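File shown: query-v3.csv (CSV, C-alpha atoms).
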```csv
chain,number,residue,atom,x,y,z
Y,1,MET,CA,-5.4,-1.5,3.3
Y,2,HIS,CA,-2.9,-0.7,0.6
Y,3,GLU,CA,-5.5,-2.2,-1.8
Y,4,MET,CA,-6.9,1.3,-1.9
Y,5,ALA,CA,-3.6,2.7,-3.2
Y,6,ILE,CA,-3.5,-0.1,-5.8
Y,7,ALA,CA,-7.1,0.5,-6.8
Y,8,GLN,CA,-6.3,4.1,-7.4
Y,9,GLN,CA,-3.4,3.2,-9.7
Y,10,ILE,CA,-5.7,0.8,-11.6
Y,11,VAL,CA,-8.3,3.7,-12.1
Y,12,GLY,CA,-5.5,5.9,-13.2
Y,13,ILE,CA,-4.4,3.4,-15.9
Y,14,VAL,CA,-8.1,2.9,-17.0
Y,15,GLU,CA,-8.7,6.7,-17.3
Y,16,ASP,CA,-5.5,7.0,-19.2
Y,17,THR,CA,-6.6,4.5,-21.7
Y,18,LEU,CA,-10.1,6.0,-22.0
Y,19,ARG,CA,-8.7,9.3,-23.1
Y,20,SER,CA,-8.1,7.8,-26.5
Y,21,HIS,CA,-11.6,6.3,-26.5
Y,22,PRO,CA,-13.7,9.4,-25.4
Y,23,ASN,CA,-17.1,7.9,-26.3
Y,24,ALA,CA,-16.5,4.5,-24.7
Y,25,LYS,CA,-17.9,3.2,-21.5
Y,26,CYS,CA,-15.7,0.8,-19.6
Y,27,LYS,CA,-17.6,-2.4,-18.6
Y,28,THR,CA,-14.9,-4.7,-17.3
Y,29,VAL,CA,-11.3,-4.2,-16.1
Y,30,HIS,CA,-9.2,-7.4,-16.2
Y,31,VAL,CA,-6.2,-7.5,-13.8
Y,32,ARG,CA,-3.7,-10.2,-12.9
Y,33,ILE,CA,-2.7,-10.5,-9.3
Y,34,GLY,CA,0.1,-12.9,-8.2
Y,35,GLU,CA,-0.4,-15.0,-5.1
Y,36,LEU,CA,3.1,-13.9,-3.9
Y,37,THR,CA,1.9,-10.3,-3.7
Y,38,ALA,CA,0.5,-9.0,-0.4
Y,39,VAL,CA,-2.8,-8.1,-2.2
Y,40,ILE,CA,-6.1,-9.6,-1.1
Y,41,PRO,CA,-8.5,-9.9,-4.1
Y,42,GLU,CA,-11.6,-9.3,-2.0
Y,43,SER,CA,-10.1,-6.1,-0.5
Y,44,LEU,CA,-9.1,-4.9,-3.9
Y,45,THR,CA,-12.6,-5.4,-5.3
Y,46,PHE,CA,-14.0,-3.6,-2.4
Y,47,ALA,CA,-11.6,-0.7,-2.8
Y,48,TYR,CA,-12.2,-0.5,-6.5
Y,49,GLN,CA,-16.0,-0.3,-6.0
Y,50,ALA,CA,-15.5,2.3,-3.2
Y,51,ILE,CA,-13.4,4.7,-5.3
Y,52,THR,CA,-15.4,4.4,-8.5
Y,53,THR,CA,-18.8,5.1,-6.9
Y,54,ASP,CA,-20.4,8.2,-8.5
Y,55,THR,CA,-17.7,8.3,-11.2
Y,56,PRO,CA,-17.9,7.4,-14.9
Y,57,LEU,CA,-16.4,4.0,-13.9
Y,58,SER,CA,-19.2,3.3,-11.4
Y,59,GLU,CA,-20.7,0.6,-13.6
Y,60,SER,CA,-17.5,-1.1,-14.4
Y,61,ILE,CA,-16.5,-4.4,-12.9
Y,62,LEU,CA,-13.0,-5.4,-11.7
Y,63,LYS,CA,-12.2,-9.0,-12.7
Y,64,ILE,CA,-9.2,-10.4,-10.9
Y,65,LYS,CA,-7.3,-13.4,-12.2
Y,66,SER,CA,-5.3,-14.9,-9.4
Y,67,MET,CA,-1.9,-16.1,-10.5
Y,68,PRO,CA,-0.5,-19.2,-8.6
Y,69,ILE,CA,3.2,-19.2,-7.7
Y,70,LEU,CA,5.3,-21.1,-10.3
Y,71,ALA,CA,9.0,-21.6,-9.9
Y,72,GLU,CA,11.9,-23.0,-11.9
Y,73,CYS,CA,14.7,-24.9,-10.2
Y,74,LYS,CA,18.1,-23.4,-11.0
Y,75,SER,CA,19.8,-26.8,-10.3
Y,76,CYS,CA,17.7,-29.3,-12.2
Y,77,LEU,CA,15.7,-26.8,-14.4
Y,78,GLN,CA,12.3,-28.4,-13.6
Y,79,LYS,CA,9.3,-26.1,-13.4
Y,80,PHE,CA,6.6,-26.6,-10.7
Y,81,GLY,CA,4.0,-24.9,-8.6
Y,82,ILE,CA,4.8,-23.7,-5.1
Y,83,LYS,CA,2.3,-24.7,-2.4
Y,84,ASP,CA,2.1,-23.2,1.1
Y,85,PHE,CA,5.0,-21.0,0.3
Y,86,ASP,CA,7.4,-23.9,0.5
Y,87,PHE,CA,10.2,-22.8,-1.7
Y,88,LEU,CA,11.8,-26.2,-2.3
Y,89,CYS,CA,12.3,-28.1,-5.5
Y,90,PRO,CA,10.2,-31.3,-5.3
Y,91,PHE,CA,12.6,-33.0,-7.8
Y,92,CYS,CA,16.0,-32.4,-6.4
Y,93,GLN,CA,15.3,-30.6,-3.0
Y,94,SER,CA,17.3,-27.5,-4.1
Y,95,GLN,CA,16.3,-24.2,-2.6
Y,96,ASP,CA,17.9,-22.2,-5.4
Y,97,LEU,CA,14.7,-21.3,-7.3
Y,98,GLU,CA,13.6,-18.6,-9.6
Y,99,VAL,CA,10.0,-17.4,-9.2
Y,100,ARG,CA,8.5,-17.4,-12.7
Y,101,GLN,CA,4.9,-16.5,-11.9
Y,102,GLY,CA,3.1,-15.1,-8.8
Y,103,LYS,CA,4.5,-11.6,-8.5
Y,104,GLU,CA,2.1,-10.1,-11.0
Y,105,LEU,CA,0.3,-6.8,-10.4
Y,106,HIS,CA,-0.9,-6.1,-14.0
Y,107,VAL,CA,-3.8,-4.5,-15.8
Y,108,GLU,CA,-4.4,-6.9,-18.6
Y,109,LYS,CA,-7.2,-5.5,-20.7
Y,110,LEU,CA,-10.4,-3.5,-20.8
Y,111,GLU,CA,-13.8,-4.3,-22.2
Y,112,LEU,CA,-15.4,-1.2,-23.6
Y,113,ASP,CA,-18.9,-0.4,-25.0
Y,114,GLU,CA,-18.2,1.9,-27.9
E,1,MET,CA,-17.9,-5.0,-27.0
E,2,ASN,CA,-14.4,-3.9,-27.8
E,3,VAL,CA,-11.5,-5.4,-25.9
E,4,ILE,CA,-8.4,-3.4,-25.5
E,5,THR,CA,-5.2,-5.1,-24.4
E,6,ILE,CA,-3.2,-2.9,-22.0
E,7,GLU,CA,-0.6,-5.0,-20.2
E,8,ARG,CA,0.6,-2.3,-17.8
E,9,LYS,CA,2.1,-2.8,-14.3
E,10,ILE,CA,-0.3,-1.4,-11.8
E,11,LEU,CA,2.5,0.1,-9.7
E,12,GLU,CA,4.4,1.4,-12.7
E,13,LYS,CA,4.4,5.0,-11.4
E,14,ASN,CA,5.8,3.9,-8.1
E,15,GLU,CA,8.4,1.8,-9.9
E,16,ASP,CA,9.5,4.7,-12.1
E,17,LEU,CA,9.9,6.9,-9.0
E,18,ALA,CA,11.7,4.1,-7.1
E,19,LYS,CA,14.1,3.9,-10.1
E,20,LEU,CA,14.8,7.6,-9.9
E,21,ASN,CA,15.4,7.3,-6.1
E,22,ARG,CA,17.8,4.4,-6.7
E,23,GLU,CA,19.7,6.4,-9.3
E,24,THR,CA,20.1,9.3,-6.8
E,25,PHE,CA,21.3,7.0,-4.1
E,26,LYS,CA,23.8,5.4,-6.5
E,27,GLN,CA,25.1,8.8,-7.6
E,28,LYS,CA,25.5,9.9,-4.0
E,29,ASN,CA,26.9,6.6,-3.0
E,30,ILE,CA,24.4,6.0,-0.2
E,31,PHE,CA,23.5,2.5,1.1
E,32,VAL,CA,19.7,2.5,1.7
E,33,LEU,CA,17.7,0.1,3.9
E,34,ASP,CA,13.9,-0.1,4.1
E,35,LEU,CA,12.9,-1.4,7.6
E,36,LEU,CA,9.7,-3.4,7.8
E,37,SER,CA,8.0,-4.9,10.8
E,38,SER,CA,4.7,-4.9,12.7
E,39,PRO,CA,4.2,-2.1,15.2
E,40,GLY,CA,6.2,-2.5,18.4
E,41,SER,CA,8.8,-4.9,17.3
E,42,GLY,CA,11.6,-2.4,18.0
E,43,LYS,CA,12.5,-0.8,14.7
E,44,THR,CA,13.2,2.6,16.3
E,45,SER,CA,15.0,1.0,19.2
E,46,ILE,CA,17.3,-0.9,16.8
E,47,LEU,CA,18.0,2.3,15.0
E,48,GLU,CA,18.8,4.1,18.2
E,49,LYS,CA,21.2,1.4,19.2
E,50,THR,CA,22.7,1.4,15.7
E,51,LEU,CA,23.2,5.1,15.9
E,52,GLU,CA,24.8,4.9,19.3
E,53,THR,CA,27.3,2.3,17.9
E,54,ILE,CA,28.3,3.7,14.5
E,55,SER,CA,27.0,7.2,13.9
E,56,LYS,CA,30.4,8.7,14.8
E,57,GLN,CA,32.2,6.7,12.0
E,58,VAL,CA,29.5,6.7,9.4
E,59,GLY,CA,27.2,9.6,8.1
E,60,ILE,CA,23.7,8.4,8.7
E,61,ALA,CA,20.3,9.8,8.1
E,62,VAL,CA,16.8,8.5,8.9
E,63,ILE,CA,13.4,8.8,7.2
E,64,GLU,CA,10.6,7.9,9.7
E,65,GLY,CA,7.2,6.8,8.4
E,66,ASP,CA,4.2,6.8,10.8
E,67,VAL,CA,0.5,7.1,10.5
E,68,GLN,CA,0.5,9.9,13.1
E,69,THR,CA,2.9,11.7,15.5
E,70,ASP,CA,6.6,12.6,15.1
E,71,ASN,CA,7.5,10.7,18.3
E,72,ASP,CA,10.0,8.5,16.5
E,73,ALA,CA,11.7,11.4,14.7
E,74,GLN,CA,12.2,13.1,18.1
E,75,ARG,CA,13.8,9.9,19.5
E,76,ILE,CA,16.2,9.7,16.5
E,77,ALA,CA,17.0,13.5,16.5
E,78,LYS,CA,18.5,13.1,20.0
E,79,HIS,CA,21.3,11.1,18.4
E,80,ASN,CA,22.2,14.2,16.3
E,81,VAL,CA,21.6,12.7,12.9
E,82,PRO,CA,19.4,14.3,10.2
E,83,VAL,CA,15.9,12.9,10.3
E,84,VAL,CA,12.7,13.5,8.4
E,85,GLN,CA,9.3,12.4,9.7
E,86,ILE,CA,6.7,11.4,7.1
E,87,ILE,CA,3.2,11.3,8.6
E,88,THR,CA,1.0,9.3,6.2
E,89,MET,CA,-2.4,10.4,7.8
E,90,GLY,CA,-3.8,6.9,7.7
E,91,GLY,CA,-1.7,5.6,4.9
E,92,CYS,CA,-0.5,2.1,5.7
E,93,HIS,CA,2.8,2.2,3.8
E,94,LEU,CA,5.4,4.5,2.4
E,95,ASP,CA,5.8,4.9,-1.4
E,96,ALA,CA,8.6,6.1,-3.6
E,97,GLN,CA,7.1,9.6,-4.0
E,98,LEU,CA,6.9,10.1,-0.2
E,99,VAL,CA,10.5,9.1,0.1
E,100,ARG,CA,11.5,11.3,-2.8
E,101,ASN,CA,9.9,14.3,-1.1
E,102,ALA,CA,11.7,13.5,2.2
E,103,MET,CA,15.0,13.2,0.4
E,104,ASP,CA,14.8,16.9,-0.4
E,105,SER,CA,15.2,17.7,3.3
E,106,LEU,CA,18.3,15.5,3.8
E,107,PRO,CA,22.0,16.4,3.4
E,108,LEU,CA,22.5,13.6,0.8
E,109,ASP,CA,26.1,14.7,0.1
E,110,GLU,CA,27.1,14.1,3.7
E,111,ILE,CA,25.7,10.6,4.4
E,112,GLN,CA,26.7,7.1,3.4
E,113,LEU,CA,23.8,5.2,5.0
E,114,LEU,CA,20.1,6.0,5.0
E,115,PHE,CA,17.5,4.1,7.0
E,116,ILE,CA,13.9,4.3,5.9
E,117,GLU,CA,11.7,3.2,8.8
E,118,ASN,CA,8.4,2.1,7.2
E,119,VAL,CA,5.0,2.3,8.8
E,120,GLY,CA,4.6,-0.5,11.3
E,121,ASN,CA,2.8,-3.1,9.2
E,122,LEU,CA,4.0,-6.5,7.9
E,123,VAL,CA,1.7,-6.6,4.9
E,124,CYS,CA,1.4,-3.4,2.9
E,125,PRO,CA,5.0,-2.0,2.8
E,126,ALA,CA,6.2,-5.3,1.3
E,127,GLU,CA,4.7,-4.4,-2.1
E,128,PHE,CA,6.2,-1.0,-2.6
E,129,ASP,CA,9.7,-0.4,-3.9
E,130,LEU,CA,11.2,2.8,-2.5
E,131,GLY,CA,14.5,2.6,-4.3
E,132,GLU,CA,16.2,1.0,-1.4
E,133,HIS,CA,19.1,-1.5,-1.8
E,134,GLU,CA,17.4,-4.0,0.5
E,135,LYS,CA,14.3,-4.5,2.6
E,136,VAL,CA,15.1,-5.6,6.2
E,137,VAL,CA,12.3,-7.4,7.9
E,138,ILE,CA,12.3,-7.3,11.7
E,139,LEU,CA,10.4,-9.6,14.0
E,140,SER,CA,10.5,-9.7,17.8
E,141,THR,CA,10.3,-12.7,20.1
E,142,THR,CA,7.0,-11.6,21.5
E,143,GLU,CA,5.2,-12.0,18.2
E,144,GLY,CA,5.4,-15.8,17.5
E,145,ASP,CA,7.8,-17.9,15.5
E,146,ASP,CA,5.3,-18.7,12.7
E,147,LYS,CA,5.1,-15.1,11.5
E,148,PRO,CA,7.2,-15.7,8.4
E,149,LEU,CA,4.5,-18.2,7.2
E,150,LYS,CA,1.7,-15.8,7.9
E,151,TYR,CA,3.4,-12.8,6.1
E,152,PRO,CA,5.3,-14.5,3.3
E,153,ALA,CA,5.5,-11.4,1.0
E,154,ALA,CA,7.4,-9.4,3.6
E,155,PHE,CA,9.9,-12.2,4.3
E,156,ARG,CA,10.2,-13.1,0.6
E,157,ASN,CA,10.9,-9.6,-0.5
E,158,ALA,CA,13.4,-8.9,2.2
E,159,ARG,CA,17.1,-9.9,1.9
E,160,THR,CA,17.9,-9.5,5.6
E,161,CYS,CA,16.0,-10.3,8.7
E,162,ILE,CA,16.5,-9.3,12.3
E,163,LEU,CA,15.1,-11.2,15.3
E,164,ASN,CA,14.8,-8.6,18.1
E,165,LYS,CA,14.1,-8.8,21.8
E,166,THR,CA,16.2,-11.9,22.3
E,167,ASP,CA,16.6,-10.9,26.0
E,168,LEU,CA,12.9,-11.9,26.4
E,169,LEU,CA,13.4,-15.5,25.2
E,170,PRO,CA,13.3,-17.1,28.6
E,171,HIS,CA,9.9,-15.5,29.2
E,172,VAL,CA,8.1,-16.2,25.9
E,173,ASP,CA,7.0,-19.2,24.0
E,174,PHE,CA,9.2,-18.6,21.0
E,175,SER,CA,11.5,-21.2,19.3
E,176,VAL,CA,14.4,-19.6,17.6
E,177,GLU,CA,15.0,-22.8,15.7
E,178,ASP,CA,11.4,-22.9,14.4
E,179,PHE,CA,11.5,-19.3,13.5
E,180,LYS,CA,14.7,-19.8,11.4
E,181,LYS,CA,13.2,-22.8,9.8
E,182,ASN,CA,10.1,-20.9,8.8
E,183,ALA,CA,11.9,-17.8,7.6
E,184,LEU,CA,14.3,-19.8,5.5
E,185,LYS,CA,11.5,-21.9,4.1
E,186,ILE,CA,9.9,-18.7,2.7
E,187,ASN,CA,13.3,-17.2,1.7
E,188,PRO,CA,16.4,-19.4,1.8
E,189,ASN,CA,18.7,-16.5,0.9
E,190,LEU,CA,17.8,-14.4,4.0
E,191,THR,CA,20.7,-13.1,6.1
E,192,LEU,CA,19.6,-13.5,9.7
E,193,PHE,CA,20.6,-11.5,12.8
E,194,GLU,CA,19.6,-12.0,16.4
E,195,MET,CA,19.7,-9.2,18.8
E,196,SER,CA,18.3,-7.3,21.8
E,197,ALA,CA,18.2,-3.6,21.1
E,198,LYS,CA,17.6,-3.1,24.8
E,199,THR,CA,20.7,-4.9,26.1
E,200,GLY,CA,22.8,-4.4,23.0
E,201,GLU,CA,23.4,-8.1,22.7
E,202,GLY,CA,24.0,-9.1,19.0
E,203,ILE,CA,24.2,-5.4,17.8
E,204,GLU,CA,27.8,-5.7,16.8
E,205,ALA,CA,27.3,-8.4,14.1
E,206,TRP,CA,24.6,-6.1,12.6
E,207,THR,CA,26.7,-2.9,12.7
E,208,ASP,CA,29.7,-4.9,11.3
E,209,TRP,CA,27.5,-6.1,8.4
E,210,LEU,CA,26.4,-2.5,7.8
E,211,THR,CA,29.9,-1.0,7.7
E,212,GLN,CA,31.0,-3.8,5.4
E,213,LYS,CA,28.1,-3.1,3.1
E,214,ILE,CA,29.0,0.6,3.0
E,215,LYS,CA,32.7,-0.2,2.3
E,216,ASN,CA,31.7,-2.5,-0.5
E,217,GLY,CA,29.8,0.4,-2.0
```
Can the structure from this file be put into C-alpha cells for me?
Amino acid sequence: MHEMAIAQQIVGIVEDTLRSHPNAKCKTVHVRIGELTAVIPESLTFAYQAITTDTPLSESILKIKSMPILAECKSCLQKFGIKDFDFLCPFCQSQDLEVRQGKELHVEKLELDE
Amino acid sequence: MNVITIERKILEKNEDLAKLNRETFKQKNIFVLDLLSSPGSGKTSILEKTLETISKQVGIAVIEGDVQTDNDAQRIAKHNVPVVQIITMGGCHLDAQLVRNAMDSLPLDEIQLLFIENVGNLVCPAEFDLGEHEKVVILSTTEGDDKPLKYPAAFRNARTCILNKTDLLPHVDFSVEDFKKNALKINPNLTLFEMSAKTGEGIEAWTDWLTQKIKNG
C-alpha cells in the first residue's frame, strides 16, 4: 500500500502551493499516473481521502488521469502504444524501445476557490 | 474557480534524496544494488551465499529492510560484515531517506559493494529510487513462471533478474523457458541468472558478475 506514501507526497505539494494562496480552498487536485507505475488509481483515491479527512483538504477531490504506455522504436522510429506490457515494435519487431509515456507520477494542476 | 498549473513530480523529494545518495556512492566508489522480491523467495539466503563466496575479497555491507524483526540482520551479521536493519513498522517499501539514515551507520570508506535488501514485496519497492546503481529482481521457482507479467513494474525497472531455488525445479510446475520468455517480454535488456542459494549451484556466475561490476567502477 505505497499509495499511502504517494498520497502523502501529493498532499505535501498541495499544501506547499496553498501557502501562496492563503485564502483559497482547494476543490480538485489533478494528477497524472502512468500505467507503467505500480500505482493503483483506486488505492490512491482511497489513500488520499483517508489522509485528508478532518483536514482543510477534506472537501477536495483527487482526479487521476491514467497515462497509457507509449513507446518509440529506436530502430524504425515509429511511435505506438504498448498493450499487455508487450515491449515489441509492431512495425519491425525490434525490442529496442524507448518508453515515451506511462511512467508519470505528476501533480498537474489545482482548482481553487478564491 | 482558479486553476493553478503545478507540474511537479509526486516523488520529487524522494528523487532528490536518491540523487544525494547516488552522489555519495559515486564519491566513495561503492556499487549499490537494491534487491526486490516477494517474501520468501530467498533474498537473504542469496546474500548469505554471496557473502560466503566473496566477502573475503570485497568489502561488503548490507542494509536490511523489513516490516518487523531484525532476524535478517542477525543472519547477515554472522558473516562478519557491517549490517544495518531498517524496521519500517508496517511500511511496504524502503525510500531514499530511510537508506540515507542507514548509511550513517555504515563504514562507507571501507566497502566497495552495498546490498540493500528491500521489504519483501514485488509491487511497492519498484517505484522508489534509493540511489542504487541497479535494481535486482529475484523470483523463486515456487512462485510461478508468469510472475513477470503480473508484476511488470518490478521487472521493467530492474536491470538484473535472479531465478532462485533451481534445486526445486524437478518438484514444481515451473517452466524456466516460459519464465525467461515472460521476463524478457517485459524487459528485453534484463541480465538473467539462475541459481540455488541452498546448494550453491549457479552462484559463481553471479559473484563473477558482481566482482566484474566492482572492477569496472
Show which residues sit within 8 Å of E:Asn118, as an mmCIF file with C-alpha atoms, keeping the file's coordinate frame. Count all atoms listed in the file, and ignore same-chain residues fewer than 5 positions away.
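New file result.cif:
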```cif
data_model
loop_
_atom_site.group_PDB
_atom_site.id
_atom_site.type_symbol
_atom_site.label_atom_id
_atom_site.label_comp_id
_atom_site.auth_asym_id
_atom_site.auth_seq_id
_atom_site.Cartn_x
_atom_site.Cartn_y
_atom_site.Cartn_z
ATOM 1 C CA ASP E 34 13.900 -0.100 4.100
ATOM 2 C CA LEU E 35 12.900 -1.400 7.600
ATOM 3 C CA LEU E 36 9.700 -3.400 7.800
ATOM 4 C CA SER E 37 8.000 -4.900 10.800
ATOM 5 C CA GLU E 64 10.600 7.900 9.700
ATOM 6 C CA GLY E 65 7.200 6.800 8.400
ATOM 7 C CA ASP E 66 4.200 6.800 10.800
ATOM 8 C CA HIS E 93 2.800 2.200 3.800
ATOM 9 C CA LEU E 94 5.400 4.500 2.400
ATOM 10 C CA PRO E 125 5.000 -2.000 2.800
#
```
At most 12 Å is the cut-off: for each residue in chain E with any atom that close to an atom of chain Y, write down the nearest atom pair and the distance in Å rounded to one decimal, counting all atoms listed in the file, chain first then increasing number, as a tab-separated table.
```
residue	atom	partner	partner_atom	distance
E:Met1	CA	Y:Asp113	CA	5.1
E:Asn2	CA	Y:Leu112	CA	5.1
E:Val3	CA	Y:Glu111	CA	4.5
E:Ile4	CA	Y:Leu110	CA	5.1
E:Thr5	CA	Y:Lys109	CA	4.2
E:Ile6	CA	Y:Lys109	CA	4.9
E:Glu7	CA	Y:Glu108	CA	4.5
E:Arg8	CA	Y:Val107	CA	5.3
E:Lys9	CA	Y:His106	CA	4.5
E:Ile10	CA	Y:His106	CA	5.2
E:Leu11	CA	Y:Gln9	CA	6.7
E:Glu12	CA	Y:Gln9	CA	8.5
E:Lys13	CA	Y:Gln9	CA	8.2
E:Asn14	CA	Y:Gln9	CA	9.4
E:Glu15	CA	Y:Leu105	CA	11.8
E:Gly90	CA	Y:Met1	CA	9.6
E:Gly91	CA	Y:His2	CA	7.7
E:Cys92	CA	Y:His2	CA	6.3
E:His93	CA	Y:His2	CA	7.2
E:Leu94	CA	Y:His2	CA	10.0
E:Asp95	CA	Y:Ala5	CA	9.8
E:Val119	CA	Y:His2	CA	11.8
E:Asn121	CA	Y:Met1	CA	10.2
E:Leu122	CA	Y:Ala38	CA	9.3
E:Val123	CA	Y:Ala38	CA	5.9
E:Cys124	CA	Y:His2	CA	5.6
E:Pro125	CA	Y:His2	CA	8.3
E:Ala126	CA	Y:Ala38	CA	7.0
E:Glu127	CA	Y:Ala38	CA	6.5
E:Phe128	CA	Y:His2	CA	9.7
E:Pro148	CA	Y:Phe85	CA	9.9
E:Leu149	CA	Y:Phe85	CA	7.5
E:Lys150	CA	Y:Phe85	CA	9.8
E:Tyr151	CA	Y:Ala38	CA	8.1
E:Pro152	CA	Y:Phe85	CA	7.2
E:Ala153	CA	Y:Ala38	CA	5.7
E:Ala154	CA	Y:Ala38	CA	8.0
E:Phe155	CA	Y:Leu36	CA	10.8
E:Arg156	CA	Y:Leu36	CA	8.4
E:Asn157	CA	Y:Leu36	CA	9.5
E:Lys181	CA	Y:Asp86	CA	11.0
E:Asn182	CA	Y:Asp86	CA	9.2
E:Ala183	CA	Y:Asp86	CA	10.4
E:Leu184	CA	Y:Phe87	CA	8.8
E:Lys185	CA	Y:Asp86	CA	5.8
E:Ile186	CA	Y:Phe85	CA	5.9
E:Asn187	CA	Y:Phe87	CA	7.2
E:Pro188	CA	Y:Gln95	CA	6.5
E:Asn189	CA	Y:Asp96	CA	8.5
E:Leu190	CA	Y:Gln95	CA	11.9
```
### E:Asn71 environment, 12 Å, all atoms listed in the file, sequence neighbours closer than 2 positions dropped, as JSON, numbers by chain
{"E": [44, 64, 65, 66, 67, 68, 69, 73, 74, 75, 76, 77, 78, 83, 84, 85, 86, 87]}
### Message
Would you compute the distance between atom CA of E:Ser55 and atom CA of E:Thr142? Give it in Å to one decimal.
### Response
28.5 Å
### Query
Hey, what's within 9 Å of E:Val81 if we count only C-alpha atoms and toss same-chain stuff fewer than 6 positions away? As a ChimeraX atom specification, please?
/E:51,55,59-62
Selected residues written out with C-alpha atoms, as a compact mmCIF listing (two decimals), in the frame of the given file:
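Saved result, result_30.txt, follows:
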```txt
# COMPACT_ATOMS: atom_id res chain seq x y z
CA LEU E 51 23.20 5.10 15.90
CA SER E 55 27.00 7.20 13.90
CA GLY E 59 27.20 9.60 8.10
CA ILE E 60 23.70 8.40 8.70
CA ALA E 61 20.30 9.80 8.10
CA VAL E 62 16.80 8.50 8.90
```
### Message
Need to verify the contact set: E:Leu169, 12 Å, all atoms listed in the file, exclusion of same-chain residues closer than 6 positions in sequence. Can you return it as number ranges by chain?
### Response
E: 140-145, 163, 175-176, 194-196
Can you write stretch 56-71 of chain E from the block above with N, CA and C atoms, as an mmCIF file, in the first residue's frame?
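part_26.cif written:
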```cif
data_model
loop_
_atom_site.group_PDB
_atom_site.id
_atom_site.type_symbol
_atom_site.label_atom_id
_atom_site.label_comp_id
_atom_site.auth_asym_id
_atom_site.auth_seq_id
_atom_site.Cartn_x
_atom_site.Cartn_y
_atom_site.Cartn_z
ATOM 1 N N LYS E 56 35.549 -12.158 1.501
ATOM 2 C CA LYS E 56 36.975 -12.045 1.876
ATOM 3 C C LYS E 56 37.746 -11.174 0.874
ATOM 4 N N GLN E 57 37.262 -11.169 -0.381
ATOM 5 C CA GLN E 57 37.969 -10.378 -1.409
ATOM 6 C C GLN E 57 37.424 -8.957 -1.533
ATOM 7 N N VAL E 58 36.129 -8.775 -1.191
ATOM 8 C CA VAL E 58 35.467 -7.498 -1.444
ATOM 9 C C VAL E 58 34.866 -6.969 -0.141
ATOM 10 N N GLY E 59 34.997 -5.666 0.102
ATOM 11 C CA GLY E 59 34.362 -5.057 1.273
ATOM 12 C C GLY E 59 32.871 -4.881 1.002
ATOM 13 N N ILE E 60 32.053 -5.589 1.786
ATOM 14 C CA ILE E 60 30.611 -5.583 1.531
ATOM 15 C C ILE E 60 29.856 -5.125 2.779
ATOM 16 N N ALA E 61 28.793 -4.375 2.579
ATOM 17 C CA ALA E 61 27.875 -4.061 3.674
ATOM 18 C C ALA E 61 26.451 -4.317 3.202
ATOM 19 N N VAL E 62 25.548 -4.467 4.162
ATOM 20 C CA VAL E 62 24.158 -4.799 3.836
ATOM 21 C C VAL E 62 23.211 -3.892 4.619
ATOM 22 N N ILE E 63 22.201 -3.375 3.933
ATOM 23 C CA ILE E 63 21.079 -2.712 4.606
ATOM 24 C C ILE E 63 19.876 -3.633 4.456
ATOM 25 N N GLU E 64 19.286 -4.004 5.581
ATOM 26 C CA GLU E 64 18.136 -4.909 5.573
ATOM 27 C C GLU E 64 16.860 -4.121 5.825
ATOM 28 N N GLY E 65 15.865 -4.313 4.977
ATOM 29 C CA GLY E 65 14.575 -3.669 5.205
ATOM 30 C C GLY E 65 13.512 -4.709 5.509
ATOM 31 N N ASP E 66 12.851 -4.548 6.647
ATOM 32 C CA ASP E 66 11.752 -5.460 6.976
ATOM 33 C C ASP E 66 10.654 -4.694 7.694
ATOM 34 N N VAL E 67 9.457 -5.228 7.626
ATOM 35 C CA VAL E 67 8.331 -4.599 8.323
ATOM 36 C C VAL E 67 8.507 -4.747 9.836
ATOM 37 N N GLN E 68 8.989 -5.907 10.261
ATOM 38 C CA GLN E 68 9.246 -6.169 11.675
ATOM 39 C C GLN E 68 10.433 -7.116 11.819
ATOM 40 N N THR E 69 11.019 -7.165 12.959
ATOM 41 C CA THR E 69 12.130 -8.043 13.413
ATOM 42 C C THR E 69 13.485 -7.706 12.758
ATOM 43 N N ASP E 70 14.552 -8.050 13.504
ATOM 44 C CA ASP E 70 15.890 -7.903 12.927
ATOM 45 C C ASP E 70 16.498 -9.285 12.645
ATOM 46 N N ASN E 71 15.619 -10.256 12.381
ATOM 47 C CA ASN E 71 16.091 -11.622 12.104
ATOM 48 C C ASN E 71 17.094 -11.671 10.955
#
```
